[in-house]
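my_file31.cif follows (mmCIF, C-alpha atoms):
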data_data
#
loop_
_atom_site.group_PDB
_atom_site.id
_atom_site.type_symbol
_atom_site.label_atom_id
_atom_site.label_comp_id
_atom_site.auth_asym_id
_atom_site.auth_seq_id
_atom_site.Cartn_x
_atom_site.Cartn_y
_atom_site.Cartn_z
ATOM 1 C CA MET A 1 120.418 97.018 102.775
ATOM 2 C CA LEU A 2 120.562 96.640 98.993
ATOM 3 C CA ARG A 3 123.644 97.295 96.881
ATOM 4 C CA LEU A 4 124.465 97.222 93.210
ATOM 5 C CA ASP A 5 128.180 97.011 92.508
ATOM 6 C CA HIS A 6 129.386 97.618 88.944
ATOM 7 C CA VAL A 7 126.256 96.072 87.461
ATOM 8 C CA SER A 8 125.941 95.922 83.674
ATOM 9 C CA LYS A 9 123.351 94.404 81.371
ATOM 10 C CA SER A 10 123.785 93.615 77.674
ATOM 11 C CA PHE A 11 121.151 92.356 75.259
ATOM 12 C CA GLY A 12 121.928 90.406 72.110
ATOM 13 C CA LEU A 13 120.827 91.959 68.823
ATOM 14 C CA GLY A 14 120.593 90.683 65.285
ATOM 15 C CA ALA A 15 120.660 87.123 64.042
ATOM 16 C CA PHE A 16 121.903 84.732 66.725
ATOM 17 C CA GLY A 17 122.812 87.669 68.953
ATOM 18 C CA SER A 18 125.757 88.621 66.791
ATOM 19 C CA ARG A 19 125.612 92.207 68.083
ATOM 20 C CA SER A 20 124.944 93.512 71.579
ATOM 21 C CA PHE A 21 123.326 96.536 73.181
ATOM 22 C CA LEU A 22 124.603 97.767 76.545
ATOM 23 C CA ALA A 23 121.422 98.799 78.386
ATOM 24 C CA VAL A 24 123.009 99.255 81.831
ATOM 25 C CA ASP A 25 126.626 100.324 82.098
ATOM 26 C CA ASP A 26 128.627 99.763 85.303
ATOM 27 C CA VAL A 27 125.994 101.018 87.748
ATOM 28 C CA SER A 28 126.712 101.102 91.477
ATOM 29 C CA LEU A 29 124.214 102.341 94.054
ATOM 30 C CA ARG A 30 122.844 101.508 97.476
ATOM 31 C CA VAL A 31 119.550 101.870 99.331
ATOM 32 C CA ALA A 32 119.514 101.853 103.142
ATOM 33 C CA PRO A 33 116.633 100.799 105.406
ATOM 34 C CA GLY A 34 114.055 103.566 105.707
ATOM 35 C CA GLU A 35 115.429 105.385 102.664
ATOM 36 C CA VAL A 36 113.832 106.329 99.350
ATOM 37 C CA VAL A 37 116.263 106.558 96.438
ATOM 38 C CA SER A 38 114.918 107.967 93.181
ATOM 39 C CA LEU A 39 116.326 106.558 89.944
ATOM 40 C CA ILE A 40 115.612 109.237 87.352
ATOM 41 C CA GLY A 41 116.165 109.273 83.609
ATOM 42 C CA GLU A 42 114.431 109.578 80.283
ATOM 43 C CA SER A 43 112.759 106.650 78.529
ATOM 44 C CA GLY A 44 115.324 104.074 77.444
ATOM 45 C CA SER A 45 117.915 105.108 80.017
ATOM 46 C CA GLY A 46 117.919 101.682 81.690
ATOM 47 C CA LYS A 47 115.830 102.465 84.783
ATOM 48 C CA SER A 48 113.360 99.594 84.472
ATOM 49 C CA THR A 49 116.124 97.197 83.456
ATOM 50 C CA ILE A 50 117.839 97.908 86.767
ATOM 51 C CA GLY A 51 114.577 97.310 88.622
ATOM 52 C CA LYS A 52 114.039 94.003 86.830
ATOM 53 C CA MET A 53 117.568 92.849 87.675
ATOM 54 C CA ILE A 54 116.995 93.659 91.347
ATOM 55 C CA LEU A 55 113.787 91.600 91.183
ATOM 56 C CA ARG A 56 115.627 88.791 89.373
ATOM 57 C CA LEU A 57 113.326 89.109 86.361
ATOM 58 C CA LEU A 58 116.481 89.655 84.304
ATOM 59 C CA PRO A 59 119.946 88.225 84.994
ATOM 60 C CA VAL A 60 122.906 90.577 85.357
ATOM 61 C CA SER A 61 125.593 90.418 82.685
ATOM 62 C CA SER A 62 128.312 91.471 85.114
ATOM 63 C CA GLY A 63 128.639 92.886 88.616
ATOM 64 C CA SER A 64 126.738 91.889 91.736
ATOM 65 C CA ILE A 65 123.501 92.656 93.566
ATOM 66 C CA THR A 66 123.573 92.082 97.310
ATOM 67 C CA PHE A 67 120.712 92.242 99.785
ATOM 68 C CA GLN A 68 121.523 92.410 103.491
ATOM 69 C CA GLY A 69 125.072 91.329 102.646
ATOM 70 C CA GLU A 70 124.054 88.309 100.551
ATOM 71 C CA ASP A 71 124.722 88.097 96.808
ATOM 72 C CA VAL A 72 121.341 87.401 95.205
ATOM 73 C CA SER A 73 122.455 87.588 91.564
ATOM 74 C CA THR A 74 122.356 83.819 91.117
ATOM 75 C CA HIS A 75 119.596 82.805 93.549
ATOM 76 C CA THR A 76 117.265 80.044 92.369
ATOM 77 C CA GLY A 77 114.669 77.744 93.938
ATOM 78 C CA LYS A 78 114.143 78.101 97.680
ATOM 79 C CA ALA A 79 116.730 80.853 97.997
ATOM 80 C CA LEU A 80 114.931 82.959 95.388
ATOM 81 C CA LYS A 81 111.558 82.347 97.043
ATOM 82 C CA ALA A 82 113.002 83.469 100.390
ATOM 83 C CA TYR A 83 114.333 86.593 98.640
ATOM 84 C CA TYR A 84 110.862 87.387 97.296
ATOM 85 C CA ARG A 85 109.484 87.286 100.830
ATOM 86 C CA ARG A 86 111.559 90.380 101.533
ATOM 87 C CA VAL A 87 111.919 92.081 98.132
ATOM 88 C CA GLN A 88 108.972 92.863 95.857
ATOM 89 C CA GLY A 89 108.115 95.180 92.979
ATOM 90 C CA VAL A 90 105.119 97.241 91.886
ATOM 91 C CA PHE A 91 104.952 98.376 88.268
ATOM 92 C CA GLN A 92 103.494 101.108 86.107
ATOM 93 C CA ASP A 93 100.204 99.664 84.867
ATOM 94 C CA PRO A 94 98.038 98.319 87.705
ATOM 95 C CA PHE A 95 95.358 97.092 85.291
ATOM 96 C CA SER A 96 97.700 94.618 83.555
ATOM 97 C CA SER A 97 98.801 93.160 86.912
ATOM 98 C CA TYR A 98 95.485 91.420 87.541
ATOM 99 C CA ASN A 99 93.709 88.603 85.728
ATOM 100 C CA PRO A 100 90.371 90.190 84.737
ATOM 101 C CA ILE A 101 88.408 86.926 85.149
ATOM 102 C CA PHE A 102 89.233 86.631 88.870
ATOM 103 C CA THR A 103 88.212 88.780 91.802
ATOM 104 C CA ILE A 104 90.666 90.739 93.947
ATOM 105 C CA ASP A 105 90.338 88.027 96.614
ATOM 106 C CA HIS A 106 91.944 85.532 94.226
ATOM 107 C CA ALA A 107 94.939 87.808 93.579
ATOM 108 C CA LEU A 108 95.516 88.255 97.310
ATOM 109 C CA ASP A 109 94.950 84.602 98.092
ATOM 110 C CA LEU A 110 97.764 83.638 95.729
ATOM 111 C CA VAL A 111 100.147 85.194 98.248
ATOM 112 C CA ARG A 112 98.621 83.134 101.033
ATOM 113 C CA ARG A 113 98.884 79.858 99.106
ATOM 114 C CA GLU A 114 102.444 80.497 97.962
ATOM 115 C CA TYR A 115 103.992 82.032 101.093
ATOM 116 C CA LEU A 116 101.615 81.925 104.052
ATOM 117 C CA GLY A 117 100.020 78.505 103.872
ATOM 118 C CA ASP A 118 100.582 77.893 107.587
ATOM 119 C CA LEU A 119 98.175 80.692 108.580
ATOM 120 C CA SER A 120 94.688 79.700 109.708
ATOM 121 C CA GLY A 121 91.693 81.287 108.043
ATOM 122 C CA GLN A 122 91.143 83.602 111.002
ATOM 123 C CA GLU A 123 94.810 84.665 111.120
ATOM 124 C CA TRP A 124 94.766 85.340 107.391
ATOM 125 C CA ARG A 125 91.661 87.519 107.647
ATOM 126 C CA ARG A 126 93.224 89.531 110.482
ATOM 127 C CA ARG A 127 96.418 90.004 108.501
ATOM 128 C CA LEU A 128 94.517 90.923 105.359
ATOM 129 C CA THR A 129 92.366 93.517 107.138
ATOM 130 C CA SER A 130 95.385 95.029 108.894
ATOM 131 C CA VAL A 131 97.422 95.377 105.672
ATOM 132 C CA LEU A 132 94.493 96.850 103.748
ATOM 133 C CA GLU A 133 94.075 99.433 106.513
ATOM 134 C CA THR A 134 97.780 100.266 106.144
ATOM 135 C CA VAL A 135 97.198 101.264 102.515
ATOM 136 C CA SER A 136 93.946 103.114 103.413
ATOM 137 C CA ILE A 137 91.575 100.625 101.827
ATOM 138 C CA ASN A 138 88.333 99.380 103.348
ATOM 139 C CA ALA A 139 88.170 95.608 102.816
ATOM 140 C CA GLY A 140 84.435 95.768 102.209
ATOM 141 C CA GLU A 141 84.948 98.123 99.266
ATOM 142 C CA VAL A 142 87.336 95.866 97.312
ATOM 143 C CA LEU A 143 86.938 92.226 98.327
ATOM 144 C CA GLY A 144 84.657 90.299 96.013
ATOM 145 C CA LYS A 145 85.153 92.901 93.265
ATOM 146 C CA TYR A 146 86.714 92.412 89.847
ATOM 147 C CA PRO A 147 89.641 94.623 88.732
ATOM 148 C CA HIS A 148 87.515 96.586 86.250
ATOM 149 C CA GLN A 149 85.223 97.612 89.120
ATOM 150 C CA LEU A 150 88.036 99.437 90.940
ATOM 151 C CA SER A 151 90.003 102.600 90.188
ATOM 152 C CA GLY A 152 93.648 102.667 89.176
ATOM 153 C CA GLY A 153 94.574 104.126 92.556
ATOM 154 C CA GLN A 154 92.787 101.334 94.408
ATOM 155 C CA LEU A 155 94.450 98.682 92.252
ATOM 156 C CA GLN A 156 97.895 100.210 92.773
ATOM 157 C CA ARG A 157 97.427 100.365 96.538
ATOM 158 C CA LEU A 158 96.241 96.746 96.479
ATOM 159 C CA LEU A 159 99.458 95.754 94.713
ATOM 160 C CA ILE A 160 101.434 97.454 97.484
ATOM 161 C CA ALA A 161 99.214 95.688 100.051
ATOM 162 C CA ARG A 162 99.909 92.348 98.414
ATOM 163 C CA ALA A 163 103.642 92.978 98.795
ATOM 164 C CA LEU A 164 103.165 94.021 102.434
ATOM 165 C CA MET A 165 101.526 90.657 103.208
ATOM 166 C CA LEU A 166 105.054 89.283 103.207
ATOM 167 C CA ASP A 167 108.029 90.102 105.432
ATOM 168 C CA LEU A 168 108.812 93.002 103.116
ATOM 169 C CA ARG A 169 112.043 94.932 103.554
ATOM 170 C CA PHE A 170 112.598 96.443 100.098
ATOM 171 C CA LEU A 171 110.258 97.694 97.368
ATOM 172 C CA VAL A 172 111.013 98.470 93.734
ATOM 173 C CA ALA A 173 108.416 101.097 92.733
ATOM 174 C CA ASP A 174 108.691 101.363 88.945
ATOM 175 C CA GLU A 175 106.724 104.353 87.591
ATOM 176 C CA ILE A 176 103.891 103.335 89.905
ATOM 177 C CA ILE A 177 101.984 106.621 89.718
ATOM 178 C CA SER A 178 102.499 107.630 86.090
ATOM 179 C CA MET A 179 99.083 106.240 85.059
ATOM 180 C CA LEU A 180 97.183 107.736 88.011
ATOM 181 C CA ASP A 181 95.368 111.047 88.148
ATOM 182 C CA ALA A 182 96.820 113.929 90.135
ATOM 183 C CA SER A 183 94.563 113.506 93.173
ATOM 184 C CA THR A 184 95.465 109.823 93.495
ATOM 185 C CA ARG A 185 99.181 110.342 92.936
ATOM 186 C CA ILE A 186 99.650 112.221 96.186
ATOM 187 C CA ASP A 187 97.865 109.451 98.104
ATOM 188 C CA VAL A 188 100.249 106.806 96.752
ATOM 189 C CA LEU A 189 103.289 109.039 97.322
ATOM 190 C CA ASN A 190 102.248 109.655 100.911
ATOM 191 C CA LEU A 191 101.755 105.905 101.362
ATOM 192 C CA LEU A 192 105.348 105.351 100.230
ATOM 193 C CA GLY A 193 106.459 108.018 102.680
ATOM 194 C CA ASP A 194 104.635 106.216 105.475
ATOM 195 C CA LEU A 195 106.266 102.897 104.523
ATOM 196 C CA LYS A 196 109.638 104.627 104.599
ATOM 197 C CA THR A 197 109.062 105.700 108.218
ATOM 198 C CA ARG A 198 108.413 102.024 109.033
ATOM 199 C CA GLY A 199 111.922 101.117 107.831
ATOM 200 C CA LEU A 200 111.172 99.996 104.284
ATOM 201 C CA GLY A 201 113.868 100.677 101.671
ATOM 202 C CA ILE A 202 112.404 101.927 98.382
ATOM 203 C CA LEU A 203 113.884 102.351 94.920
ATOM 204 C CA PHE A 204 111.561 104.878 93.255
ATOM 205 C CA ILE A 205 111.968 104.665 89.484
ATOM 206 C CA THR A 206 110.589 107.657 87.594
ATOM 207 C CA HIS A 207 111.119 110.031 84.689
ATOM 208 C CA ASP A 208 109.334 112.811 86.595
ATOM 209 C CA LEU A 209 111.818 115.027 88.414
ATOM 210 C CA SER A 210 109.203 116.758 90.556
ATOM 211 C CA LEU A 211 108.005 113.444 91.973
ATOM 212 C CA GLY A 212 111.553 112.345 92.719
ATOM 213 C CA ASN A 213 112.260 115.640 94.430
ATOM 214 C CA TYR A 214 109.117 115.276 96.553
ATOM 215 C CA ILE A 215 109.631 111.729 97.828
ATOM 216 C CA SER A 216 113.329 110.816 97.826
ATOM 217 C CA ASP A 217 116.229 111.152 100.235
ATOM 218 C CA ARG A 218 118.842 110.558 97.553
ATOM 219 C CA THR A 219 118.701 110.800 93.769
ATOM 220 C CA VAL A 220 120.505 108.901 91.017
ATOM 221 C CA ILE A 221 120.457 110.398 87.499
ATOM 222 C CA LEU A 222 120.799 107.838 84.716
ATOM 223 C CA ARG A 223 121.698 108.496 81.077
ATOM 224 C CA HIS A 224 122.254 105.853 78.412
ATOM 225 C CA GLY A 225 122.460 103.211 81.124
ATOM 226 C CA ALA A 226 125.176 104.956 83.147
ATOM 227 C CA VAL A 227 125.031 107.022 86.344
ATOM 228 C CA VAL A 228 125.929 110.649 85.596
ATOM 229 C CA GLU A 229 125.053 112.150 88.985
ATOM 230 C CA MET A 230 124.222 110.852 92.444
ATOM 231 C CA GLY A 231 123.760 112.404 95.842
ATOM 232 C CA ALA A 232 121.394 113.866 98.398
ATOM 233 C CA THR A 233 118.243 115.009 96.610
ATOM 234 C CA GLY A 234 118.563 118.595 97.817
ATOM 235 C CA LEU A 235 122.086 118.857 96.389
ATOM 236 C CA VAL A 236 121.303 117.153 93.079
ATOM 237 C CA PHE A 237 118.303 119.397 92.478
ATOM 238 C CA GLY A 238 119.729 122.533 94.070
ATOM 239 C CA ASN A 239 123.259 122.408 92.695
ATOM 240 C CA PRO A 240 123.502 119.925 89.789
ATOM 241 C CA CYS A 241 127.025 119.250 88.563
ATOM 242 C CA HIS A 242 126.478 117.315 85.339
ATOM 243 C CA PRO A 243 125.284 119.126 82.175
ATOM 244 C CA TYR A 244 122.661 116.422 81.593
ATOM 245 C CA THR A 245 121.140 116.969 85.044
ATOM 246 C CA ARG A 246 121.060 120.710 84.427
ATOM 247 C CA ALA A 247 119.376 120.105 81.063
ATOM 248 C CA LEU A 248 116.736 117.892 82.689
ATOM 249 C CA LEU A 249 115.991 120.491 85.352
ATOM 250 C CA SER A 250 115.795 123.313 82.828
ATOM 251 C CA ALA A 251 113.143 121.332 80.912
ATOM 252 C CA VAL A 252 110.778 121.205 83.906
ATOM 253 C CA PRO A 253 107.926 123.751 83.426
#

Exercise: express the given structure as structure tokens:
Amino acid sequence: MLRLDHVSKSFGLGAFGSRSFLAVDDVSLRVAPGEVVSLIGESGSGKSTIGKMILRLLPVSSGSITFQGEDVSTHTGKALKAYYRRVQGVFQDPFSSYNPIFTIDHALDLVRREYLGDLSGQEWRRRLTSVLETVSINAGEVLGKYPHQLSGGQLQRLLIARALMLDLRFLVADEIISMLDASTRIDVLNLLGDLKTRGLGILFITHDLSLGNYISDRTVILRHGAVVEMGATGLVFGNPCHPYTRALLSAVP
């Protein structure tokens, strides 16, 4: 479904970009339909940079990103909008993803105006209710409310619901449960597991090995922007080959 082939990303440093920093170094990976791939590494390892390149929030410096066989690295305009119908991201801090002066209805209605303008009011309400039920949210509990009136778990599930309003095929989940309490984390993880059974491909970006072990089919270990280990999650966690992976596992309480 989604492939990264020899993708690198450099950032200019110093006056006029006279120096460069290689944040992502020749990364290749793939995510199949109905598969969760965990991208694991410490802070600064390049995980979020990879997610942002997949979402076209950052351009690649070299290499290619293909989705369903189509190179999306240079998409603009209508082609990029069509890509966003199928590929979306949810990020770490749900509170910063909403404008505090607008209700939740406004945030959801932006999707309708931008992508689903041909739906009638009745069709939109049916679709909205159905998607909210998918993420275990009662519409009456959230619609008409402001972000500060809802919990972090509710806001995060609403962000996933907003993505599901579209013809979603792939989700970048970037540290989406790191700011949630323990009881809410399992709800969001189980929601991702349910979406996986529906055929959604998910890149699960995390620094938490236990979460990656719980949710993913395959695991990619990243260090200093480069892949040091990759494989089925059971093998990576049960029989790590790289010293860095072994060091990460030994640090887990």

Do you know which residues are at most 6 Å from Ser28 (chain A) counting only C-alpha atoms, after dropping those on the same chain fewer than 3 positions away, and could you put them as a VMD selection string?
chain A and resid 4 to 6

Using only C-alpha atoms, find all polymer residues with an atom at most 10 Å away from the point (121.2, 106.5, 81.9); report them as number ranges by chain.
A: 23-25, 27, 39-47, 220-229

Can you list, as a ChimeraX atom specification, the residues that the PyMOL selection byres ((chain A and resi 57-62) around 7) selects here?
/A:7-10,52-53,55-56,63-64,73

Would you list the residues near (113.8, 105.4, 101.2) (no more than 9 Å away, in the coordinates of the file, using only C-alpha atoms) as a PyMOL selection string?
chain A and resi 31-38+192-193+195-197+199-204+215-218

Produce a file of the selected residues containing C-alpha atoms, as a compact mmCIF listing (two decimals), keeping the file's coordinate frame.
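selection-v3.txt written:
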# COMPACT_ATOMS: atom_id res chain seq x y z
CA VAL A 31 119.55 101.87 99.33
CA ALA A 32 119.51 101.85 103.14
CA PRO A 33 116.63 100.80 105.41
CA GLY A 34 114.06 103.57 105.71
CA GLU A 35 115.43 105.38 102.66
CA VAL A 36 113.83 106.33 99.35
CA VAL A 37 116.26 106.56 96.44
CA SER A 38 114.92 107.97 93.18
CA LEU A 192 105.35 105.35 100.23
CA GLY A 193 106.46 108.02 102.68
CA LEU A 195 106.27 102.90 104.52
CA LYS A 196 109.64 104.63 104.60
CA THR A 197 109.06 105.70 108.22
CA GLY A 199 111.92 101.12 107.83
CA LEU A 200 111.17 100.00 104.28
CA GLY A 201 113.87 100.68 101.67
CA ILE A 202 112.40 101.93 98.38
CA LEU A 203 113.88 102.35 94.92
CA PHE A 204 111.56 104.88 93.26
CA ILE A 215 109.63 111.73 97.83
CA SER A 216 113.33 110.82 97.83
CA ASP A 217 116.23 111.15 100.24
CA ARG A 218 118.84 110.56 97.55

Just to confirm, what's the straight-line distance from CA of Phe170 (chain A) to CA of Leu2 (chain A) in Å (one decimal)?
8.0 Å

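With all atoms listed in the file as the basis for measurement, A:Arg162 is the residue among A:Arg3, A:Arg19, A:Arg162, A:Arg112 that approaches Val131 (chain A) most closely.
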
Target residues per the PyMOL selection byres ((chain A and resi 248) around 12), formatted as a PDB file with C-alpha atoms, in the frame of the given file:
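Below is the file that was written, out.pdb:
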ATOM      1  CA  ILE A  40     115.612 109.237  87.352  1.00  0.00           C
ATOM      2  CA  GLY A  41     116.165 109.273  83.609  1.00  0.00           C
ATOM      3  CA  GLU A  42     114.431 109.578  80.283  1.00  0.00           C
ATOM      4  CA  HIS A 207     111.119 110.031  84.689  1.00  0.00           C
ATOM      5  CA  ASP A 208     109.334 112.811  86.595  1.00  0.00           C
ATOM      6  CA  LEU A 209     111.818 115.027  88.414  1.00  0.00           C
ATOM      7  CA  SER A 210     109.203 116.758  90.556  1.00  0.00           C
ATOM      8  CA  ILE A 221     120.457 110.398  87.499  1.00  0.00           C
ATOM      9  CA  LEU A 222     120.799 107.838  84.716  1.00  0.00           C
ATOM     10  CA  ARG A 223     121.698 108.496  81.077  1.00  0.00           C
ATOM     11  CA  GLU A 229     125.053 112.150  88.985  1.00  0.00           C
ATOM     12  CA  VAL A 236     121.303 117.153  93.079  1.00  0.00           C
ATOM     13  CA  PHE A 237     118.303 119.397  92.478  1.00  0.00           C
ATOM     14  CA  PRO A 240     123.502 119.925  89.789  1.00  0.00           C
ATOM     15  CA  CYS A 241     127.025 119.250  88.563  1.00  0.00           C
ATOM     16  CA  HIS A 242     126.478 117.315  85.339  1.00  0.00           C
ATOM     17  CA  PRO A 243     125.284 119.126  82.175  1.00  0.00           C
ATOM     18  CA  TYR A 244     122.661 116.422  81.593  1.00  0.00           C
ATOM     19  CA  THR A 245     121.140 116.969  85.044  1.00  0.00           C
ATOM     20  CA  ARG A 246     121.060 120.710  84.427  1.00  0.00           C
ATOM     21  CA  ALA A 247     119.376 120.105  81.063  1.00  0.00           C
ATOM     22  CA  LEU A 249     115.991 120.491  85.352  1.00  0.00           C
ATOM     23  CA  SER A 250     115.795 123.313  82.828  1.00  0.00           C
ATOM     24  CA  ALA A 251     113.143 121.332  80.912  1.00  0.00           C
ATOM     25  CA  VAL A 252     110.778 121.205  83.906  1.00  0.00           C
ATOM     26  CA  PRO A 253     107.926 123.751  83.426  1.00  0.00           C
TER      27      PRO A 253
END

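Separating CA of Met165 (chain A) from CA of Leu180 (chain A) is a distance of 23.3 Å.
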